[in-house]
$ cat model.pdb   # PDB, N, CA and C atoms, pLDDT in the B column
ATOM      1  N   MET R   1     149.457 128.733 120.611  1.00 44.00           N
ATOM      2  CA  MET R   1     150.611 128.495 119.751  1.00 44.00           C
ATOM      3  C   MET R   1     150.263 128.902 118.325  1.00 44.00           C
ATOM      4  N   SER R   2     151.124 129.668 117.690  1.00 47.00           N
ATOM      5  CA  SER R   2     150.857 130.124 116.328  1.00 47.00           C
ATOM      6  C   SER R   2     151.105 129.000 115.333  1.00 47.00           C
ATOM      7  N   ALA R   3     150.535 129.129 114.157  1.00 48.00           N
ATOM      8  CA  ALA R   3     150.671 128.094 113.129  1.00 48.00           C
ATOM      9  C   ALA R   3     152.117 127.893 112.729  1.00 48.00           C
ATOM     10  N   SER R   4     152.923 128.948 112.745  1.00 47.00           N
ATOM     11  CA  SER R   4     154.299 128.813 112.308  1.00 47.00           C
ATOM     12  C   SER R   4     155.173 128.120 113.341  1.00 47.00           C
ATOM     13  N   LYS R   5     154.724 128.003 114.596  1.00 49.00           N
ATOM     14  CA  LYS R   5     155.499 127.351 115.637  1.00 49.00           C
ATOM     15  C   LYS R   5     155.150 125.882 115.791  1.00 49.00           C
ATOM     16  N   LYS R   6     154.009 125.456 115.263  1.00 47.00           N
ATOM     17  CA  LYS R   6     153.557 124.086 115.410  1.00 47.00           C
ATOM     18  C   LYS R   6     154.327 123.186 114.453  1.00 47.00           C
ATOM     19  N   PRO R   7     154.986 122.148 114.945  1.00 47.00           N
ATOM     20  CA  PRO R   7     155.732 121.258 114.062  1.00 47.00           C
ATOM     21  C   PRO R   7     154.809 120.531 113.091  1.00 47.00           C
ATOM     22  N   ALA R   8     155.315 120.261 111.918  1.00 45.00           N
ATOM     23  CA  ALA R   8     154.542 119.521 110.925  1.00 45.00           C
ATOM     24  C   ALA R   8     154.434 118.072 111.358  1.00 45.00           C
ATOM     25  N   SER R   9     153.291 117.469 111.087  1.00 49.00           N
ATOM     26  CA  SER R   9     153.097 116.077 111.453  1.00 49.00           C
ATOM     27  C   SER R   9     153.774 115.149 110.451  1.00 49.00           C
ATOM     28  N   LYS R  10     154.044 115.627 109.277  1.00 67.00           N
ATOM     29  CA  LYS R  10     154.650 114.831 108.218  1.00 67.00           C
ATOM     30  C   LYS R  10     155.553 115.769 107.421  1.00 67.00           C
ATOM     31  N   ASN R  11     156.757 115.335 107.120  1.00 79.00           N
ATOM     32  CA  ASN R  11     157.679 116.199 106.389  1.00 79.00           C
ATOM     33  C   ASN R  11     157.389 116.143 104.894  1.00 79.00           C
ATOM     34  N   PRO R  12     156.929 117.251 104.338  1.00 85.00           N
ATOM     35  CA  PRO R  12     156.674 117.289 102.895  1.00 85.00           C
ATOM     36  C   PRO R  12     157.987 117.431 102.130  1.00 85.00           C
ATOM     37  N   GLU R  13     157.940 117.114 100.868  1.00 95.00           N
ATOM     38  CA  GLU R  13     159.079 117.377  99.995  1.00 95.00           C
ATOM     39  C   GLU R  13     158.906 118.789  99.469  1.00 95.00           C
ATOM     40  N   ILE R  14     159.833 119.658  99.843  1.00 97.00           N
ATOM     41  CA  ILE R  14     159.751 121.066  99.463  1.00 97.00           C
ATOM     42  C   ILE R  14     160.819 121.338  98.421  1.00 97.00           C
ATOM     43  N   ARG R  15     160.403 121.896  97.305  1.00 97.00           N
ATOM     44  CA  ARG R  15     161.336 122.208  96.221  1.00 97.00           C
ATOM     45  C   ARG R  15     161.382 123.711  96.003  1.00 97.00           C
ATOM     46  N   ILE R  16     162.581 124.220  95.774  1.00 97.00           N
ATOM     47  CA  ILE R  16     162.754 125.638  95.465  1.00 97.00           C
ATOM     48  C   ILE R  16     163.452 125.741  94.114  1.00 97.00           C
ATOM     49  N   ASP R  17     162.820 126.433  93.193  1.00 98.00           N
ATOM     50  CA  ASP R  17     163.422 126.677  91.882  1.00 98.00           C
ATOM     51  C   ASP R  17     164.319 127.907  92.027  1.00 98.00           C
ATOM     52  N   ARG R  18     165.609 127.670  92.122  1.00 97.00           N
ATOM     53  CA  ARG R  18     166.575 128.746  92.350  1.00 97.00           C
ATOM     54  C   ARG R  18     166.594 129.758  91.211  1.00 97.00           C
ATOM     55  N   SER R  19     166.202 129.335  90.022  1.00 97.00           N
ATOM     56  CA  SER R  19     166.189 130.275  88.890  1.00 97.00           C
ATOM     57  C   SER R  19     165.002 131.244  88.983  1.00 97.00           C
ATOM     58  N   LEU R  20     163.984 130.891  89.767  1.00 98.00           N
ATOM     59  CA  LEU R  20     162.824 131.768  89.931  1.00 98.00           C
ATOM     60  C   LEU R  20     162.894 132.630  91.191  1.00 98.00           C
ATOM     61  N   CYS R  21     163.548 132.144  92.230  1.00 98.00           N
ATOM     62  CA  CYS R  21     163.563 132.850  93.510  1.00 98.00           C
ATOM     63  C   CYS R  21     164.229 134.214  93.360  1.00 98.00           C
ATOM     64  N   MET R  22     163.530 135.247  93.867  1.00 97.00           N
ATOM     65  CA  MET R  22     164.071 136.607  93.803  1.00 97.00           C
ATOM     66  C   MET R  22     164.546 137.103  95.168  1.00 97.00           C
ATOM     67  N   GLY R  23     164.448 136.248  96.185  1.00 97.00           N
ATOM     68  CA  GLY R  23     164.957 136.603  97.504  1.00 97.00           C
ATOM     69  C   GLY R  23     164.092 137.566  98.289  1.00 97.00           C
ATOM     70  N   SER R  24     162.776 137.535  98.097  1.00 97.00           N
ATOM     71  CA  SER R  24     161.898 138.464  98.814  1.00 97.00           C
ATOM     72  C   SER R  24     161.807 138.153 100.303  1.00 97.00           C
ATOM     73  N   GLY R  25     162.039 136.895 100.674  1.00 96.00           N
ATOM     74  CA  GLY R  25     161.982 136.502 102.077  1.00 96.00           C
ATOM     75  C   GLY R  25     160.589 136.190 102.586  1.00 96.00           C
ATOM     76  N   GLN R  26     159.595 136.172 101.711  1.00 97.00           N
ATOM     77  CA  GLN R  26     158.226 135.858 102.144  1.00 97.00           C
ATOM     78  C   GLN R  26     158.148 134.468 102.772  1.00 97.00           C
ATOM     79  N   CYS R  27     158.891 133.525 102.237  1.00 98.00           N
ATOM     80  CA  CYS R  27     158.851 132.168 102.783  1.00 98.00           C
ATOM     81  C   CYS R  27     159.336 132.153 104.228  1.00 98.00           C
ATOM     82  N   SER R  28     160.379 132.903 104.514  1.00 97.00           N
ATOM     83  CA  SER R  28     160.898 132.976 105.882  1.00 97.00           C
ATOM     84  C   SER R  28     159.935 133.692 106.815  1.00 97.00           C
ATOM     85  N   TRP R  29     159.125 134.577 106.281  1.00 98.00           N
ATOM     86  CA  TRP R  29     158.130 135.280 107.088  1.00 98.00           C
ATOM     87  C   TRP R  29     157.006 134.323 107.511  1.00 98.00           C
ATOM     88  N   TYR R  30     156.518 133.524 106.563  1.00 98.00           N
ATOM     89  CA  TYR R  30     155.394 132.633 106.837  1.00 98.00           C
ATOM     90  C   TYR R  30     155.811 131.333 107.519  1.00 98.00           C
ATOM     91  N   ALA R  31     157.002 130.848 107.255  1.00 98.00           N
ATOM     92  CA  ALA R  31     157.473 129.581 107.841  1.00 98.00           C
ATOM     93  C   ALA R  31     158.951 129.733 108.243  1.00 98.00           C
ATOM     94  N   PRO R  32     159.219 130.508 109.302  1.00 98.00           N
ATOM     95  CA  PRO R  32     160.594 130.837 109.671  1.00 98.00           C
ATOM     96  C   PRO R  32     161.440 129.666 110.159  1.00 98.00           C
ATOM     97  N   ASN R  33     160.796 128.597 110.590  1.00 98.00           N
ATOM     98  CA  ASN R  33     161.549 127.430 111.055  1.00 98.00           C
ATOM     99  C   ASN R  33     161.827 126.435 109.934  1.00 98.00           C
ATOM    100  N   THR R  34     161.317 126.723 108.758  1.00 97.00           N
ATOM    101  CA  THR R  34     161.499 125.851 107.598  1.00 97.00           C
ATOM    102  C   THR R  34     162.412 126.479 106.549  1.00 97.00           C
ATOM    103  N   PHE R  35     162.285 127.781 106.344  1.00 98.00           N
ATOM    104  CA  PHE R  35     163.026 128.463 105.279  1.00 98.00           C
ATOM    105  C   PHE R  35     164.025 129.470 105.833  1.00 98.00           C
ATOM    106  N   ASP R  36     165.072 129.692 105.063  1.00 98.00           N
ATOM    107  CA  ASP R  36     166.049 130.748 105.304  1.00 98.00           C
ATOM    108  C   ASP R  36     166.556 131.169 103.937  1.00 98.00           C
ATOM    109  N   GLN R  37     167.554 132.039 103.917  1.00 98.00           N
ATOM    110  CA  GLN R  37     168.161 132.441 102.654  1.00 98.00           C
ATOM    111  C   GLN R  37     169.658 132.177 102.711  1.00 98.00           C
ATOM    112  N   ASP R  38     170.220 131.807 101.575  1.00 97.00           N
ATOM    113  CA  ASP R  38     171.654 131.571 101.512  1.00 97.00           C
ATOM    114  C   ASP R  38     172.402 132.888 101.294  1.00 97.00           C
ATOM    115  N   ASP R  39     173.689 132.808 101.050  1.00 97.00           N
ATOM    116  CA  ASP R  39     174.512 134.009 100.871  1.00 97.00           C
ATOM    117  C   ASP R  39     174.130 134.830  99.643  1.00 97.00           C
ATOM    118  N   GLU R  40     173.409 134.211  98.711  1.00 96.00           N
ATOM    119  CA  GLU R  40     172.955 134.911  97.505  1.00 96.00           C
ATOM    120  C   GLU R  40     171.506 135.394  97.662  1.00 96.00           C
ATOM    121  N   THR R  41     170.979 135.329  98.874  1.00 96.00           N
ATOM    122  CA  THR R  41     169.593 135.663  99.233  1.00 96.00           C
ATOM    123  C   THR R  41     168.563 134.821  98.487  1.00 96.00           C
ATOM    124  N   ILE R  42     168.944 133.609  98.145  1.00 97.00           N
ATOM    125  CA  ILE R  42     168.029 132.654  97.526  1.00 97.00           C
ATOM    126  C   ILE R  42     167.489 131.759  98.639  1.00 97.00           C
ATOM    127  N   ALA R  43     166.209 131.457  98.582  1.00 98.00           N
ATOM    128  CA  ALA R  43     165.574 130.633  99.603  1.00 98.00           C
ATOM    129  C   ALA R  43     166.194 129.245  99.672  1.00 98.00           C
ATOM    130  N   ILE R  44     166.308 128.754 100.893  1.00 98.00           N
ATOM    131  CA  ILE R  44     166.746 127.384 101.147  1.00 98.00           C
ATOM    132  C   ILE R  44     165.825 126.777 102.196  1.00 98.00           C
ATOM    133  N   VAL R  45     165.725 125.461 102.188  1.00 97.00           N
ATOM    134  CA  VAL R  45     164.968 124.746 103.197  1.00 97.00           C
ATOM    135  C   VAL R  45     165.944 124.320 104.282  1.00 97.00           C
ATOM    136  N   THR R  46     165.697 124.770 105.503  1.00 97.00           N
ATOM    137  CA  THR R  46     166.557 124.402 106.621  1.00 97.00           C
ATOM    138  C   THR R  46     165.997 123.233 107.409  1.00 97.00           C
ATOM    139  N   ASP R  47     164.676 123.089 107.440  1.00 96.00           N
ATOM    140  CA  ASP R  47     164.023 122.000 108.167  1.00 96.00           C
ATOM    141  C   ASP R  47     162.628 121.790 107.588  1.00 96.00           C
ATOM    142  N   PRO R  48     162.429 120.752 106.780  1.00 95.00           N
ATOM    143  CA  PRO R  48     161.127 120.546 106.147  1.00 95.00           C
ATOM    144  C   PRO R  48     159.984 120.345 107.139  1.00 95.00           C
ATOM    145  N   GLY R  49     160.291 119.950 108.351  1.00 94.00           N
ATOM    146  CA  GLY R  49     159.260 119.755 109.362  1.00 94.00           C
ATOM    147  C   GLY R  49     159.256 120.833 110.423  1.00 94.00           C
ATOM    148  N   GLY R  50     159.906 121.954 110.149  1.00 96.00           N
ATOM    149  CA  GLY R  50     160.053 123.004 111.145  1.00 96.00           C
ATOM    150  C   GLY R  50     158.797 123.784 111.453  1.00 96.00           C
ATOM    151  N   ASP R  51     157.859 123.811 110.534  1.00 97.00           N
ATOM    152  CA  ASP R  51     156.611 124.544 110.707  1.00 97.00           C
ATOM    153  C   ASP R  51     155.448 123.637 110.322  1.00 97.00           C
ATOM    154  N   SER R  52     154.252 124.074 110.637  1.00 95.00           N
ATOM    155  CA  SER R  52     153.059 123.307 110.267  1.00 95.00           C
ATOM    156  C   SER R  52     152.935 123.252 108.745  1.00 95.00           C
ATOM    157  N   LEU R  53     152.227 122.233 108.280  1.00 95.00           N
ATOM    158  CA  LEU R  53     151.988 122.128 106.839  1.00 95.00           C
ATOM    159  C   LEU R  53     151.248 123.348 106.326  1.00 95.00           C
ATOM    160  N   GLU R  54     150.369 123.916 107.145  1.00 96.00           N
ATOM    161  CA  GLU R  54     149.622 125.103 106.754  1.00 96.00           C
ATOM    162  C   GLU R  54     150.548 126.298 106.556  1.00 96.00           C
ATOM    163  N   ALA R  55     151.525 126.459 107.452  1.00 97.00           N
ATOM    164  CA  ALA R  55     152.472 127.573 107.339  1.00 97.00           C
ATOM    165  C   ALA R  55     153.368 127.401 106.113  1.00 97.00           C
ATOM    166  N   ILE R  56     153.796 126.178 105.856  1.00 97.00           N
ATOM    167  CA  ILE R  56     154.639 125.904 104.685  1.00 97.00           C
ATOM    168  C   ILE R  56     153.851 126.154 103.401  1.00 97.00           C
ATOM    169  N   ALA R  57     152.585 125.734 103.393  1.00 97.00           N
ATOM    170  CA  ALA R  57     151.735 125.981 102.223  1.00 97.00           C
ATOM    171  C   ALA R  57     151.516 127.474 102.020  1.00 97.00           C
ATOM    172  N   ALA R  58     151.353 128.225 103.104  1.00 97.00           N
ATOM    173  CA  ALA R  58     151.193 129.681 102.990  1.00 97.00           C
ATOM    174  C   ALA R  58     152.455 130.300 102.408  1.00 97.00           C
ATOM    175  N   ALA R  59     153.612 129.822 102.837  1.00 98.00           N
ATOM    176  CA  ALA R  59     154.874 130.337 102.292  1.00 98.00           C
ATOM    177  C   ALA R  59     154.938 130.106 100.784  1.00 98.00           C
ATOM    178  N   ALA R  60     154.525 128.926 100.340  1.00 98.00           N
ATOM    179  CA  ALA R  60     154.514 128.630  98.899  1.00 98.00           C
ATOM    180  C   ALA R  60     153.488 129.498  98.178  1.00 98.00           C
ATOM    181  N   ASP R  61     152.295 129.645  98.774  1.00 97.00           N
ATOM    182  CA  ASP R  61     151.236 130.434  98.149  1.00 97.00           C
ATOM    183  C   ASP R  61     151.604 131.909  98.006  1.00 97.00           C
ATOM    184  N   TYR R  62     152.321 132.443  98.991  1.00 97.00           N
ATOM    185  CA  TYR R  62     152.657 133.868  98.982  1.00 97.00           C
ATOM    186  C   TYR R  62     154.011 134.168  98.346  1.00 97.00           C
ATOM    187  N   CYS R  63     154.684 133.159  97.836  1.00 98.00           N
ATOM    188  CA  CYS R  63     155.942 133.391  97.119  1.00 98.00           C
ATOM    189  C   CYS R  63     155.616 134.190  95.850  1.00 98.00           C
ATOM    190  N   PRO R  64     156.187 135.390  95.702  1.00 97.00           N
ATOM    191  CA  PRO R  64     155.817 136.233  94.560  1.00 97.00           C
ATOM    192  C   PRO R  64     156.203 135.663  93.201  1.00 97.00           C
ATOM    193  N   THR R  65     157.180 134.763  93.167  1.00 98.00           N
ATOM    194  CA  THR R  65     157.595 134.194  91.883  1.00 98.00           C
ATOM    195  C   THR R  65     157.198 132.732  91.731  1.00 98.00           C
ATOM    196  N   ARG R  66     156.462 132.201  92.728  1.00 97.00           N
ATOM    197  CA  ARG R  66     156.034 130.794  92.711  1.00 97.00           C
ATOM    198  C   ARG R  66     157.226 129.842  92.593  1.00 97.00           C
ATOM    199  N   ALA R  67     158.307 130.179  93.274  1.00 98.00           N
ATOM    200  CA  ALA R  67     159.518 129.363  93.221  1.00 98.00           C
ATOM    201  C   ALA R  67     159.439 128.136  94.118  1.00 98.00           C
ATOM    202  N   ILE R  68     158.461 128.090  95.019  1.00 98.00           N
ATOM    203  CA  ILE R  68     158.350 126.992  95.986  1.00 98.00           C
ATOM    204  C   ILE R  68     157.239 126.053  95.568  1.00 98.00           C
ATOM    205  N   SER R  69     157.540 124.763  95.572  1.00 97.00           N
ATOM    206  CA  SER R  69     156.510 123.753  95.349  1.00 97.00           C
ATOM    207  C   SER R  69     156.612 122.719  96.463  1.00 97.00           C
ATOM    208  N   ILE R  70     155.486 122.107  96.759  1.00 95.00           N
ATOM    209  CA  ILE R  70     155.403 121.133  97.837  1.00 95.00           C
ATOM    210  C   ILE R  70     154.810 119.853  97.284  1.00 95.00           C
ATOM    211  N   ALA R  71     155.430 118.728  97.622  1.00 87.00           N
ATOM    212  CA  ALA R  71     154.915 117.418  97.226  1.00 87.00           C
ATOM    213  C   ALA R  71     154.893 116.529  98.454  1.00 87.00           C
ATOM    214  N   ASP R  72     154.043 115.532  98.434  1.00 65.00           N
ATOM    215  CA  ASP R  72     154.045 114.587  99.539  1.00 65.00           C
ATOM    216  C   ASP R  72     155.237 113.647  99.375  1.00 65.00           C
ATOM    217  N   GLY R  73     155.394 112.711 100.256  1.00 57.00           N
ATOM    218  CA  GLY R  73     156.535 111.799 100.235  1.00 57.00           C
ATOM    219  C   GLY R  73     156.657 110.980  98.967  1.00 57.00           C
ATOM    220  N   ALA R  74     155.564 110.809  98.223  1.00 51.00           N
ATOM    221  CA  ALA R  74     155.596 110.040  96.983  1.00 51.00           C
ATOM    222  C   ALA R  74     155.884 110.921  95.777  1.00 51.00           C
ATOM    223  N   GLY R  75     156.146 112.216  96.009  1.00 51.00           N
ATOM    224  CA  GLY R  75     156.481 113.116  94.913  1.00 51.00           C
ATOM    225  C   GLY R  75     155.294 113.734  94.213  1.00 51.00           C
ATOM    226  N   ARG R  76     154.085 113.515  94.752  1.00 49.00           N
ATOM    227  CA  ARG R  76     152.895 114.104  94.138  1.00 49.00           C
ATOM    228  C   ARG R  76     152.728 115.529  94.631  1.00 49.00           C
ATOM    229  N   PRO R  77     152.454 116.479  93.749  1.00 52.00           N
ATOM    230  CA  PRO R  77     152.265 117.860  94.179  1.00 52.00           C
ATOM    231  C   PRO R  77     151.053 118.014  95.077  1.00 52.00           C
ATOM    232  N   GLY R  78     151.158 118.978  95.990  1.00 51.00           N
ATOM    233  CA  GLY R  78     150.027 119.331  96.825  1.00 51.00           C
ATOM    234  C   GLY R  78     149.732 118.382  97.956  1.00 51.00           C
ATOM    235  N   GLY R  79     150.585 117.389  98.165  1.00 42.00           N
ATOM    236  CA  GLY R  79     150.377 116.461  99.258  1.00 42.00           C
ATOM    237  C   GLY R  79     149.136 115.588  99.082  1.00 42.00           C
ATOM    238  N   GLU R  80     148.710 115.386  97.847  1.00 39.00           N
ATOM    239  CA  GLU R  80     147.527 114.569  97.607  1.00 39.00           C
ATOM    240  C   GLU R  80     147.856 113.112  97.893  1.00 39.00           C
ATOM    241  N   GLU R  81     146.969 112.478  98.573  1.00 36.00           N
ATOM    242  CA  GLU R  81     147.139 111.065  98.900  1.00 36.00           C
ATOM    243  C   GLU R  81     146.465 110.192  97.854  1.00 36.00           C
ATOM    244  N   GLU R  82     147.105 109.082  97.532  1.00 34.00           N
ATOM    245  CA  GLU R  82     146.439 108.119  96.681  1.00 34.00           C
ATOM    246  C   GLU R  82     145.373 107.454  97.514  1.00 34.00           C
ATOM    247  N   LYS R  83     144.240 107.163  96.925  1.00 34.00           N
ATOM    248  CA  LYS R  83     143.160 106.522  97.660  1.00 34.00           C
ATOM    249  C   LYS R  83     143.086 105.061  97.245  1.00 34.00           C
ATOM    250  N   ALA R  84     143.128 104.209  98.245  1.00 38.00           N
ATOM    251  CA  ALA R  84     142.983 102.787  97.974  1.00 38.00           C
ATOM    252  C   ALA R  84     141.527 102.486  97.665  1.00 38.00           C
ATOM    253  N   GLU R  85     141.293 101.621  96.686  1.00 39.00           N
ATOM    254  CA  GLU R  85     139.913 101.281  96.333  1.00 39.00           C
ATOM    255  C   GLU R  85     139.643  99.837  96.629  1.00 39.00           C
TER     256      GLU R  85
END

$ encode --input "model.pdb" --output "structure tokens"
Amino acid sequence: MSASKKPASKNPEIRIDRSLCMGSGQCSWYAPNTFDQDDETIAIVTDPGGDSLEAIAAAADYCPTRAISIADGAGRPGGEEEKAE
């Protein structure tokens, strides 16, 4: 099973800055079950858990305009977990 077909174990908060997105479609290439494009060819999230976290992170990393950001459920970027002490 490819990384893009494996469901995510946890749904991240995915943000798309519409003012930055240029509609290259890279996000849909790396995470096709998570991203699509609207009628203006701007990226949209169709299913935050549609692909593995690795595939979603690759989509964000390869976005040419860095329009995609990912946060964990608490709103922290990068899915960083708070550590209990």

$ resolve_selection --input "model.pdb" --expression "the PyMOL selection byres (((chain R and resi 65 and name CA) around 8) and name CA)" --output "PDB file with N, CA and C atoms, keeping the file's coordinate frame"
ATOM      1  N   LEU R  20     163.984 130.891  89.767  1.00 98.00           N
ATOM      2  CA  LEU R  20     162.824 131.768  89.931  1.00 98.00           C
ATOM      3  C   LEU R  20     162.894 132.630  91.191  1.00 98.00           C
ATOM      4  N   CYS R  21     163.548 132.144  92.230  1.00 98.00           N
ATOM      5  CA  CYS R  21     163.563 132.850  93.510  1.00 98.00           C
ATOM      6  C   CYS R  21     164.229 134.214  93.360  1.00 98.00           C
ATOM      7  N   MET R  22     163.530 135.247  93.867  1.00 97.00           N
ATOM      8  CA  MET R  22     164.071 136.607  93.803  1.00 97.00           C
ATOM      9  C   MET R  22     164.546 137.103  95.168  1.00 97.00           C
ATOM     10  N   CYS R  63     154.684 133.159  97.836  1.00 98.00           N
ATOM     11  CA  CYS R  63     155.942 133.391  97.119  1.00 98.00           C
ATOM     12  C   CYS R  63     155.616 134.190  95.850  1.00 98.00           C
ATOM     13  N   PRO R  64     156.187 135.390  95.702  1.00 97.00           N
ATOM     14  CA  PRO R  64     155.817 136.233  94.560  1.00 97.00           C
ATOM     15  C   PRO R  64     156.203 135.663  93.201  1.00 97.00           C
ATOM     16  N   ARG R  66     156.462 132.201  92.728  1.00 97.00           N
ATOM     17  CA  ARG R  66     156.034 130.794  92.711  1.00 97.00           C
ATOM     18  C   ARG R  66     157.226 129.842  92.593  1.00 97.00           C
ATOM     19  N   ALA R  67     158.307 130.179  93.274  1.00 98.00           N
ATOM     20  CA  ALA R  67     159.518 129.363  93.221  1.00 98.00           C
ATOM     21  C   ALA R  67     159.439 128.136  94.118  1.00 98.00           C
TER      22      ALA R  67
END

$ residues_near_point --input "model.pdb" --point "(160.4, 118.2, 98.3)" --cutoff "5 Å" --atoms "all atoms listed in the file" --output "number ranges by chain"
R: 12-15

$ resolve_selection --input "model.pdb" --expression "the PyMOL selection byres (((chain R and resi 57 and name CA) around 9) and name CA)" --output "list in words"
Tyr30, Ala31, Ser52, Leu53, Glu54, Ala55, Ile56, Ala58, Ala59, Ala60, Asp61, Tyr62, Ser69, Ile70 and Gly78 of chain R

$ resolve_selection --input "model.pdb" --expression "the PyMOL selection byres ((chain R and resi 47) around 8)" --output "list in words"
Asn11, Pro12, Pro32, Asn33, Thr34, Phe35, Asp36, Ile44, Val45, Thr46, Pro48, Gly49, Gly50 and Asp51 of chain R

$ atom_distance --input "model.pdb" --atom1 "atom C of Ala71 of chain R" --atom2 "atom C of Gln37 of chain R"
21.9 Å

$ atom_distance --input "model.pdb" --atom1 "atom N of Asp39 of chain R" --atom2 "atom C of Ile68 of chain R"
18.6 Å

$ atom_distance --input "model.pdb" --atom1 "atom CA of Asp17 of chain R" --atom2 "atom C of Trp29 of chain R"
18.5 Å

$ select_by_dssp --input "model.pdb" --residues "segment 3-70 of chain R" --states "strand (DSSP E or B)" --output "count of residues only"
13
